[in-house]
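Novice: Data file my_file.txt (compact mmCIF, C-alpha atoms (C1' of nucleotides)) is appended below.
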```txt
# COMPACT_ATOMS: atom_id res chain seq x y z
CA MET A 681 10.75 -1.93 -21.84
CA THR A 682 8.20 -0.39 -24.13
CA ARG A 683 8.81 3.29 -24.79
CA VAL A 684 6.11 5.52 -23.46
CA SER A 685 5.69 9.24 -24.04
CA LYS A 686 4.59 11.88 -21.62
CA GLY A 687 0.92 11.42 -20.83
CA ASP A 688 0.83 7.73 -21.74
CA PRO A 689 0.05 5.06 -19.16
CA LEU A 690 3.12 3.07 -18.15
CA GLY A 691 3.02 -0.27 -19.92
CA ALA A 692 2.53 -3.53 -18.05
CA ASP A 693 6.18 -4.40 -18.63
CA PHE A 694 7.27 -1.38 -16.61
CA PHE A 695 6.05 -3.24 -13.56
CA ASP A 696 7.53 -6.58 -14.59
CA ARG A 697 10.98 -5.84 -13.16
CA PRO A 698 12.74 -6.16 -9.78
CA THR A 699 10.69 -4.59 -7.01
CA LEU A 700 13.22 -1.98 -5.87
CA GLU A 701 13.90 -0.94 -9.43
CA VAL A 702 10.22 -0.36 -10.10
CA THR A 703 9.85 1.52 -6.80
CA ARG A 704 12.73 3.82 -7.68
CA ASP A 705 11.41 4.47 -11.17
CA LEU A 706 7.86 5.16 -10.00
CA LEU A 707 8.97 8.27 -8.09
CA GLY A 708 7.84 11.34 -10.00
CA LYS A 709 5.35 9.48 -12.18
CA ASN A 710 1.75 10.66 -12.27
CA LEU A 711 -0.92 8.84 -10.32
CA CYS A 712 -4.14 9.43 -12.27
CA CYS A 713 -7.60 9.06 -10.84
CA ARG A 714 -10.89 9.55 -12.61
CA SER A 715 -13.26 10.91 -10.02
CA ALA A 716 -16.52 9.05 -9.62
CA GLY A 717 -18.61 12.16 -9.10
CA GLN A 718 -20.09 14.54 -11.63
CA GLY A 719 -17.74 15.85 -14.28
CA ARG A 720 -15.55 12.76 -14.09
CA LYS A 721 -12.54 15.00 -13.79
CA ILE A 722 -9.12 13.39 -13.88
CA ILE A 723 -6.83 14.13 -10.97
CA ARG A 724 -3.08 13.80 -11.55
CA LEU A 725 -0.57 13.66 -8.69
CA ARG A 726 3.17 13.06 -8.78
CA LEU A 727 4.24 10.06 -6.73
CA THR A 728 6.47 11.15 -3.86
CA GLU A 729 6.53 8.40 -1.25
CA LEU A 730 6.64 4.64 -1.84
CA GLU A 731 7.49 1.41 -0.06
CA ALA A 732 8.62 -1.89 -1.55
CA TYR A 733 7.28 -5.23 -0.34
CA ASP A 734 9.46 -7.75 -2.00
CA GLY A 735 8.44 -11.37 -2.28
CA PRO A 736 7.77 -14.40 -0.07
CA ASP A 737 10.92 -14.00 2.03
CA ASP A 738 10.12 -10.42 3.04
CA LYS A 739 8.45 -10.83 6.42
CA ALA A 740 6.76 -7.45 6.10
CA CYS A 741 5.12 -8.53 2.85
CA HIS A 742 1.54 -9.75 3.19
CA ALA A 743 2.39 -12.75 1.04
CA HIS A 744 5.29 -14.09 3.10
CA ARG A 745 3.09 -16.76 4.68
CA GLY A 746 1.65 -17.88 1.39
CA LYS A 747 -1.35 -17.16 -0.73
CA THR A 748 -4.66 -16.15 0.89
CA PRO A 749 -7.83 -14.77 -0.66
CA ARG A 750 -6.78 -11.24 0.21
CA ASN A 751 -3.24 -11.30 -1.15
CA ALA A 752 -3.84 -13.61 -4.13
CA ILE A 753 -3.64 -10.63 -6.48
CA MET A 754 0.04 -10.26 -5.57
CA PHE A 755 0.71 -13.67 -7.09
CA GLY A 756 -0.85 -12.64 -10.36
CA PRO A 757 0.61 -10.62 -13.24
CA PRO A 758 2.15 -7.19 -12.52
CA GLY A 759 0.47 -3.86 -13.10
CA TYR A 760 -2.70 -4.34 -11.05
CA TRP A 761 -3.88 -2.54 -7.93
CA TYR A 762 -3.96 -4.27 -4.56
CA VAL A 763 -6.26 -2.35 -2.22
CA TYR A 764 -7.06 -3.50 1.29
CA LEU A 765 -8.55 -2.14 4.49
CA CYS A 766 -6.08 -1.44 7.28
CA TYR A 767 -7.03 -1.12 10.96
CA GLY A 768 -10.67 -1.24 9.93
CA VAL A 769 -10.45 2.37 8.83
CA HIS A 770 -8.00 3.12 6.07
CA TRP A 771 -7.75 1.85 2.53
CA LEU A 772 -4.16 1.23 1.48
CA LEU A 773 -3.14 1.34 -2.16
CA ASN A 774 -0.47 -0.93 -3.63
CA ILE A 775 0.56 -1.94 -7.09
CA VAL A 776 1.57 -5.49 -7.93
CA VAL A 777 5.05 -5.79 -9.44
CA GLY A 778 7.44 -8.50 -10.57
CA PRO A 779 6.71 -11.64 -12.55
CA GLU A 780 3.63 -13.79 -12.11
CA ASP A 781 3.85 -16.14 -9.09
CA TYR A 782 6.34 -13.81 -7.39
CA PRO A 783 4.33 -11.92 -4.75
CA ALA A 784 5.61 -8.35 -4.54
CA ALA A 785 4.02 -4.92 -4.44
CA VAL A 786 4.73 -1.24 -3.98
CA LEU A 787 2.75 0.68 -1.36
CA ILE A 788 1.82 4.21 -2.35
CA ARG A 789 2.23 6.35 0.75
CA GLY A 790 2.13 9.82 -0.74
CA ALA A 791 1.49 11.75 -3.95
CA GLY A 792 1.22 15.40 -4.84
CA ASP A 793 1.01 17.27 -1.57
CA ILE A 794 -0.80 14.44 0.19
CA GLU A 795 1.28 12.60 2.79
CA GLY A 796 0.06 9.37 4.31
CA PRO A 797 -1.29 6.22 2.66
CA GLY A 798 -4.69 6.44 4.34
CA ARG A 799 -5.06 10.13 3.61
CA LEU A 800 -4.23 9.64 -0.03
CA THR A 801 -6.91 7.04 -0.61
CA ARG A 802 -9.45 9.09 1.28
CA ALA A 803 -8.65 12.19 -0.77
CA LEU A 804 -9.03 10.30 -4.04
CA GLY A 805 -12.02 8.21 -3.00
CA ILE A 806 -10.13 4.96 -3.42
CA ASP A 807 -11.63 1.86 -1.84
CA LYS A 808 -12.12 -1.82 -2.52
CA SER A 809 -13.87 -1.04 -5.79
CA HIS A 810 -10.42 -0.23 -7.18
CA ASN A 811 -8.94 -3.56 -6.10
CA HIS A 812 -7.74 -5.63 -9.09
CA LEU A 813 -8.13 -2.76 -11.56
CA PRO A 814 -5.28 -2.39 -14.09
CA ALA A 815 -2.77 0.38 -13.33
CA HIS A 816 -1.11 0.10 -16.74
CA LYS A 817 -4.06 1.39 -18.75
CA LYS A 818 -6.70 4.04 -18.37
CA SER A 819 -9.07 2.43 -15.93
CA GLY A 820 -10.51 4.44 -13.05
CA LEU A 821 -6.99 4.59 -11.63
CA TRP A 822 -3.69 4.34 -13.44
CA ILE A 823 -0.11 5.63 -13.66
CA GLU A 824 1.24 7.86 -16.42
CA GLU A 825 4.65 8.86 -17.67
CA ASN A 826 5.22 12.57 -17.19
CA GLY A 827 8.71 13.05 -18.51
CA LEU A 828 10.34 13.94 -15.20
CA ALA A 829 13.73 12.50 -14.31
CA VAL A 830 14.08 12.31 -10.55
CA PRO A 831 17.77 12.64 -9.60
CA GLU A 832 19.28 10.43 -6.91
CA ASN A 833 20.16 13.37 -4.69
CA GLU A 834 16.47 14.20 -4.28
CA ILE A 835 15.60 10.72 -3.01
CA THR A 836 15.71 9.67 0.64
CA ARG A 837 15.66 5.99 1.60
CA THR A 838 14.50 4.92 5.06
CA PRO A 839 13.14 1.80 6.76
CA ARG A 840 9.48 1.13 6.12
CA ILE A 841 6.86 2.54 8.48
CA GLY A 842 4.81 0.57 10.99
CA ILE A 843 6.40 -2.84 10.53
CA ASP A 844 8.65 -3.07 13.59
CA SER A 845 6.98 -6.27 14.75
CA VAL A 846 8.32 -8.30 11.83
CA GLY A 847 11.81 -8.28 13.34
CA GLN A 848 15.21 -7.86 11.79
CA PRO A 849 16.54 -7.62 9.20
CA TRP A 850 13.27 -6.88 7.43
CA ALA A 851 12.15 -4.09 9.75
CA LYS A 852 15.21 -2.02 8.96
CA LYS A 853 15.64 -2.57 5.24
CA PRO A 854 15.67 0.79 3.43
CA TYR A 855 12.71 -0.07 1.26
CA ARG A 856 10.93 3.26 1.73
CA MET A 857 11.73 5.90 -0.86
CA VAL A 858 10.76 9.55 -0.56
CA TRP A 859 11.22 12.12 -3.27
CA HIS A 860 11.95 15.64 -2.06
CA PRO A 861 11.59 17.84 -5.18
CA GLU A 862 13.87 20.86 -5.28
C1' DT B 605 0.10 8.48 23.56
C1' DA B 606 -3.81 5.77 23.07
C1' DA B 607 -8.11 4.62 21.19
C1' DG B 608 -11.03 3.71 17.31
C1' DT B 609 -12.23 0.33 13.81
C1' DG B 610 -13.44 -3.97 11.19
C1' DA B 611 -11.60 -7.32 7.72
C1' DT B 612 -8.62 -11.15 7.72
C1' DC B 613 -6.24 -15.07 9.36
C1' DT B 614 -5.23 -18.78 12.69
C1' DC B 615 -6.49 -21.39 15.79
C1' DT B 616 -10.38 -24.37 18.20
C1' DG C 1103 -16.91 -19.40 15.79
C1' DA C 1104 -13.55 -16.89 18.89
C1' DG C 1105 -9.48 -14.29 19.52
C1' DA C 1106 -5.28 -11.90 17.88
C1' DT C 1107 -3.43 -9.11 14.61
C1' DC C 1108 -2.89 -5.08 11.77
C1' DA C 1109 1.85 -1.59 5.83
C1' DC C 1110 -2.95 4.21 10.10
C1' DT C 1111 -4.98 8.64 11.69
C1' DT C 1112 -6.61 11.80 14.88
C1' DA C 1113 -7.37 14.12 19.02
C1' DA C 1114 -5.61 15.09 23.44
```
Have the structure of the file written as structure tokens, please.
Specialist:
Amino acid sequence: MTRVSKGDPLGADFFDRPTLEVTRDLLGKNLCCRSAGQGRKIIRLRLTELEAYDGPDDKACHAHRGKTPRNAIMFGPPGYWYVYLCYGVHWLLNIVVGPEDYPAAVLIRGAGDIEGPGRLTRALGIDKSHNHLPAHKKSGLWIEENGLAVPENEITRTPRIGIDSVGQPWAKKPYRMVWHPE
DNA sequence: TAAGTGATCTCT
DNA sequence: GAGATCACTTAA
């Protein structure tokens, strides 16, 4: 993996690894968002809550029934945002991971002091205009190294939220990771 | 605890 | 085209 220093965007190859590994390593990284309004200020938030959606066999993964116009981005190269509207109300933010043609993504559920995937996107003004943007370089939305090492004992793993209907064993896999900073 | 909300997908 | 589904949030 390419070495990146504090403040640099994570390289595309950071995301080109096994889904759970990328999810684990994303905890504590900075989610960076260039606001669209006046001033174009950059907001930086540490990633605290993530969920892995891992490939065609994962029944909770949008791509488990094959490629559709919506989820096609997941079949593409890693390091790109996958943004979609949930329940007609909330934009949900994911990043595509793993090799091309392997549909996997990491859902960003919380960052900084914002908890909840729909709240996060609302707070940052993220919507479909961010879909397909690169996360591995300074676009309107990207992820930066910040030099933090998140220790295992500050990470909690739980089943993913809101996917009970997919049945076992996928509904109970501990693919949700939450960082509780000391 | 239940409703709001609308794109997306799977059938006709 | 119609109907079911849905990785959520809020107010009650």
Novice: With all atoms listed in the file considered, list every residue of chain A at most 9 Å from chain B, as a CSV table (one decimal) with C-alpha atoms, keeping the file's coordinate frame.
Specialist:
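Final file, iface-v6.csv:
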```csv
chain,number,residue,atom,x,y,z
A,748,THR,CA,-4.7,-16.2,0.9
A,750,ARG,CA,-6.8,-11.2,0.2
A,764,TYR,CA,-7.1,-3.5,1.3
A,765,LEU,CA,-8.6,-2.1,4.5
A,766,CYS,CA,-6.1,-1.4,7.3
A,767,TYR,CA,-7.0,-1.1,11.0
A,768,GLY,CA,-10.7,-1.2,9.9
A,769,VAL,CA,-10.4,2.4,8.8
```
Novice: When you look at region 695-705 of chain A with a cut-off of 8 Å (counting all atoms listed in the file), what residues show up, excluding the ones that are within fewer than 4 positions of it in the same chain? I need them as a VMD selection string.
Specialist: chain A and resid 691 709 730 to 734 758 to 759 776 to 779 784 to 786 855 857
Novice: Under the rule of at most 12 Å, produce a per-residue listing of chain C near chain A: chain, number, name, the closest pair of atoms, and the distance in Å, as JSON lines, using all atoms listed in the file.
Specialist:
```
{"residue": "C:DT1107", "atom": "C1'", "partner": "A:Tyr767", "partner_atom": "CA", "distance": 9.5}
{"residue": "C:DC1108", "atom": "C1'", "partner": "A:Tyr767", "partner_atom": "CA", "distance": 5.8}
{"residue": "C:DA1109", "atom": "C1'", "partner": "A:Gly842", "partner_atom": "CA", "distance": 6.3}
{"residue": "C:DC1110", "atom": "C1'", "partner": "A:Gly798", "partner_atom": "CA", "distance": 6.4}
{"residue": "C:DT1111", "atom": "C1'", "partner": "A:Gly798", "partner_atom": "CA", "distance": 7.7}
{"residue": "C:DT1112", "atom": "C1'", "partner": "A:Arg799", "partner_atom": "CA", "distance": 11.5}
```
Novice: Quick one: residues within 9 Å of Gly805 (chain A), all atoms listed in the file counted, chain neighbours fewer than 3 positions away excluded, as number ranges by chain?
Specialist: A: 715-716, 800-802
Novice: Between A:Glu834, A:Asp688, A:Glu780, A:Glu824, single out the one closest to Gly756 (chain A), counting all atoms listed in the file.
Specialist: A:Glu780
Novice: Work out how far apart CA of Pro689 (chain A) and CA of Arg856 (chain A) are and give it in Å to one decimal.
Specialist: 23.6 Å
Novice: What separation in Å, quoted to one decimal, exists between CA of Ala791 (chain A) and CA of Leu725 (chain A)?
Specialist: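 Result for CA of Ala791 (chain A) versus CA of Leu725 (chain A): 5.5 Å, one decimal.
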Novice: Find the distance between CA of Met681 (chain A) and CA of Leu711 (chain A) and write it in Å to one decimal.
Specialist: 19.6 Å
